[in-house]
Amino acid sequence: MMEPKLVTAPEDIEVQNELIKREPIFHRPEYGTTRKEFESMTESTFWEVGASGSRYSREYILDVLEKRYASPHEDKWETKDFYCVEIAKDNYLLTYTLIQGDRITRRATIWRRYGNDWKIVYHQGTNLHEG
């Protein structure tokens with residue numbers, strides 16, 4: 001019984017479904033593949049903690065994404081176990097599991113809603129080690 005039972009509240013299901021379409025962040029070409037588009041989808045104060053535990057600034061992430069999308073690449077992944085909760089007015093925490101071949105990570109993104117638009121405030125990935 002170590003794992004919490006995470007069930008999205010009925011009032012947050014619609015938001016969860018909107019955000020599922022945007023996750024995993026920076027892997028959805030329909031939301032952007034250019035630096036300008038990635039800047040637009042992130043708050044100016046955005047930062048993240050990678051699966052390695054390292055902290056990354058917005059500028060560093062934008063540089064990495066710009067290089068990644070400079071040439072076509074294969075991007076296979078699947079997601080599951082979504083959970084969404086409003087943590088403050090118009091601010092939502094979305095968590096899920098990301099599977100990329102043999103690599104499995106738990107992901108957490110804080111999203112801020114601006115009318116019909118969304119911006120990423122914070123993101124974290126954590127390697128899953130079972131056993």
# chains A, B, ... in the order shown; residues from 1 in each chain; ligands from 1
>>> select_by_dssp(residues="chain A", states="helix (DSSP H, G or I)", output="ChimeraX atom specification")
/A:10-20,29-31,35-41,58-68
>>> select_by_dssp(residues="segment 11-124 of chain A", states="strand (DSSP E)", output="VMD selection string")
chain A and resid 42 to 49 55 to 57 78 to 88 91 to 100 103 to 114 117 to 124
>>> write_last_selection(atoms="N, CA and C atoms", output="compact mmCIF listing (two decimals), in the first residue's frame")
# COMPACT_ATOMS: atom_id res chain seq x y z
N THR A 42 5.80 28.35 -22.42
CA THR A 42 6.37 28.32 -21.08
C THR A 42 6.32 29.70 -20.43
N GLU A 43 6.14 29.72 -19.12
CA GLU A 43 6.25 30.96 -18.36
C GLU A 43 7.69 31.44 -18.43
N SER A 44 7.91 32.72 -18.28
CA SER A 44 9.28 33.25 -18.31
C SER A 44 10.10 32.71 -17.14
N THR A 45 9.43 32.28 -16.08
CA THR A 45 10.10 31.74 -14.90
C THR A 45 10.20 30.20 -14.93
N PHE A 46 9.82 29.58 -16.05
CA PHE A 46 9.84 28.11 -16.17
C PHE A 46 11.24 27.56 -15.87
N TRP A 47 11.26 26.42 -15.21
CA TRP A 47 12.47 25.62 -15.03
C TRP A 47 12.03 24.18 -14.82
N GLU A 48 12.98 23.26 -14.89
CA GLU A 48 12.62 21.87 -14.68
C GLU A 48 13.72 21.11 -13.98
N VAL A 49 13.32 19.98 -13.42
CA VAL A 49 14.26 19.01 -12.86
C VAL A 49 14.17 17.78 -13.74
N ARG A 55 18.91 20.30 -12.32
CA ARG A 55 17.99 21.40 -12.57
C ARG A 55 18.40 22.11 -13.86
N TYR A 56 17.38 22.51 -14.65
CA TYR A 56 17.64 23.15 -15.93
C TYR A 56 16.84 24.44 -16.05
N SER A 57 17.51 25.48 -16.51
CA SER A 57 16.86 26.77 -16.72
C SER A 57 16.02 26.74 -17.99
N GLU A 78 4.79 6.49 -25.01
CA GLU A 78 3.40 6.31 -24.61
C GLU A 78 3.25 6.83 -23.18
N THR A 79 2.04 7.21 -22.83
CA THR A 79 1.76 7.76 -21.51
C THR A 79 0.62 6.99 -20.85
N LYS A 80 0.60 7.04 -19.53
CA LYS A 80 -0.48 6.39 -18.78
C LYS A 80 -0.52 6.96 -17.36
N ASP A 81 -1.51 6.54 -16.59
CA ASP A 81 -1.63 6.88 -15.17
C ASP A 81 -1.76 8.38 -14.90
N PHE A 82 -2.56 9.06 -15.69
CA PHE A 82 -2.71 10.51 -15.51
C PHE A 82 -3.50 10.83 -14.24
N TYR A 83 -3.10 11.91 -13.60
CA TYR A 83 -3.78 12.46 -12.43
C TYR A 83 -3.67 13.98 -12.50
N CYS A 84 -4.76 14.67 -12.23
CA CYS A 84 -4.78 16.13 -12.31
C CYS A 84 -5.47 16.69 -11.07
N VAL A 85 -4.90 17.77 -10.52
CA VAL A 85 -5.52 18.44 -9.38
C VAL A 85 -5.24 19.94 -9.48
N GLU A 86 -6.25 20.74 -9.17
CA GLU A 86 -6.06 22.20 -9.12
C GLU A 86 -5.35 22.52 -7.82
N ILE A 87 -4.17 23.15 -7.90
CA ILE A 87 -3.38 23.45 -6.70
C ILE A 87 -3.51 24.90 -6.27
N ALA A 88 -3.99 25.75 -7.15
CA ALA A 88 -4.32 27.15 -6.86
C ALA A 88 -5.22 27.60 -8.01
N ASN A 91 -4.25 27.02 -11.67
CA ASN A 91 -2.96 26.32 -11.66
C ASN A 91 -3.21 24.85 -11.35
N TYR A 92 -2.69 23.99 -12.21
CA TYR A 92 -2.97 22.56 -12.11
C TYR A 92 -1.68 21.75 -12.13
N LEU A 93 -1.65 20.73 -11.30
CA LEU A 93 -0.58 19.75 -11.31
C LEU A 93 -1.08 18.54 -12.08
N LEU A 94 -0.34 18.16 -13.12
CA LEU A 94 -0.66 16.96 -13.90
C LEU A 94 0.50 15.99 -13.74
N THR A 95 0.20 14.77 -13.29
CA THR A 95 1.23 13.75 -13.17
C THR A 95 0.87 12.57 -14.05
N TYR A 96 1.90 11.81 -14.48
CA TYR A 96 1.67 10.66 -15.35
C TYR A 96 2.96 9.86 -15.46
N THR A 97 2.87 8.74 -16.11
CA THR A 97 4.02 7.89 -16.40
C THR A 97 4.31 7.98 -17.90
N LEU A 98 5.59 8.17 -18.23
CA LEU A 98 6.04 8.23 -19.62
C LEU A 98 6.92 7.01 -19.90
N ILE A 99 6.58 6.30 -20.97
CA ILE A 99 7.35 5.13 -21.37
C ILE A 99 8.00 5.43 -22.72
N GLN A 100 9.32 5.35 -22.75
CA GLN A 100 10.10 5.57 -23.97
C GLN A 100 11.03 4.36 -24.14
N ARG A 103 13.00 2.97 -21.06
CA ARG A 103 13.07 4.06 -20.08
C ARG A 103 11.66 4.42 -19.62
N ILE A 104 11.45 4.34 -18.30
CA ILE A 104 10.15 4.69 -17.72
C ILE A 104 10.39 5.80 -16.70
N THR A 105 9.65 6.90 -16.85
CA THR A 105 9.78 8.01 -15.92
C THR A 105 8.42 8.46 -15.42
N ARG A 106 8.40 8.94 -14.20
CA ARG A 106 7.22 9.61 -13.67
C ARG A 106 7.40 11.09 -14.01
N ARG A 107 6.32 11.71 -14.43
CA ARG A 107 6.38 13.11 -14.84
C ARG A 107 5.39 13.94 -14.05
N ALA A 108 5.77 15.18 -13.77
CA ALA A 108 4.89 16.13 -13.09
C ALA A 108 5.06 17.48 -13.77
N THR A 109 3.96 18.08 -14.18
CA THR A 109 3.98 19.39 -14.81
C THR A 109 2.98 20.28 -14.10
N ILE A 110 3.41 21.49 -13.79
CA ILE A 110 2.48 22.49 -13.28
C ILE A 110 2.12 23.39 -14.45
N TRP A 111 0.81 23.46 -14.71
CA TRP A 111 0.25 24.24 -15.81
C TRP A 111 -0.55 25.42 -15.25
N ARG A 112 -0.46 26.57 -15.92
CA ARG A 112 -1.26 27.75 -15.57
C ARG A 112 -2.17 28.09 -16.74
N ARG A 113 -3.46 28.26 -16.43
CA ARG A 113 -4.45 28.57 -17.47
C ARG A 113 -4.63 30.08 -17.59
N TYR A 114 -4.64 30.53 -18.84
CA TYR A 114 -4.92 31.92 -19.20
C TYR A 114 -6.08 31.89 -20.18
N ASP A 117 -5.90 29.40 -23.06
CA ASP A 117 -4.51 29.06 -23.33
C ASP A 117 -3.86 28.50 -22.06
N TRP A 118 -2.74 27.79 -22.24
CA TRP A 118 -2.01 27.17 -21.14
C TRP A 118 -0.54 27.52 -21.25
N LYS A 119 0.11 27.69 -20.09
CA LYS A 119 1.56 27.87 -20.04
C LYS A 119 2.12 26.91 -19.00
N ILE A 120 3.33 26.43 -19.28
CA ILE A 120 4.00 25.50 -18.37
C ILE A 120 4.80 26.33 -17.36
N VAL A 121 4.58 26.06 -16.08
CA VAL A 121 5.26 26.77 -15.01
C VAL A 121 6.50 26.00 -14.57
N TYR A 122 6.35 24.68 -14.45
CA TYR A 122 7.41 23.82 -13.90
C TYR A 122 7.21 22.41 -14.42
N HIS A 123 8.31 21.68 -14.57
CA HIS A 123 8.23 20.29 -15.01
C HIS A 123 9.31 19.48 -14.30
N GLN A 124 8.96 18.22 -14.00
CA GLN A 124 9.94 17.31 -13.40
C GLN A 124 9.74 15.90 -13.92
>>> atom_distance(atom1="atom CA of Asn17 of chain A", atom2="atom CA of Leu128 of chain A")
24.1 Å
>>> closest_residue(among="A:Asp90, A:Pro24, A:Ala51, A:Ile61", to="Asp75 of chain A", atoms="only C-alpha atoms")
A:Pro24
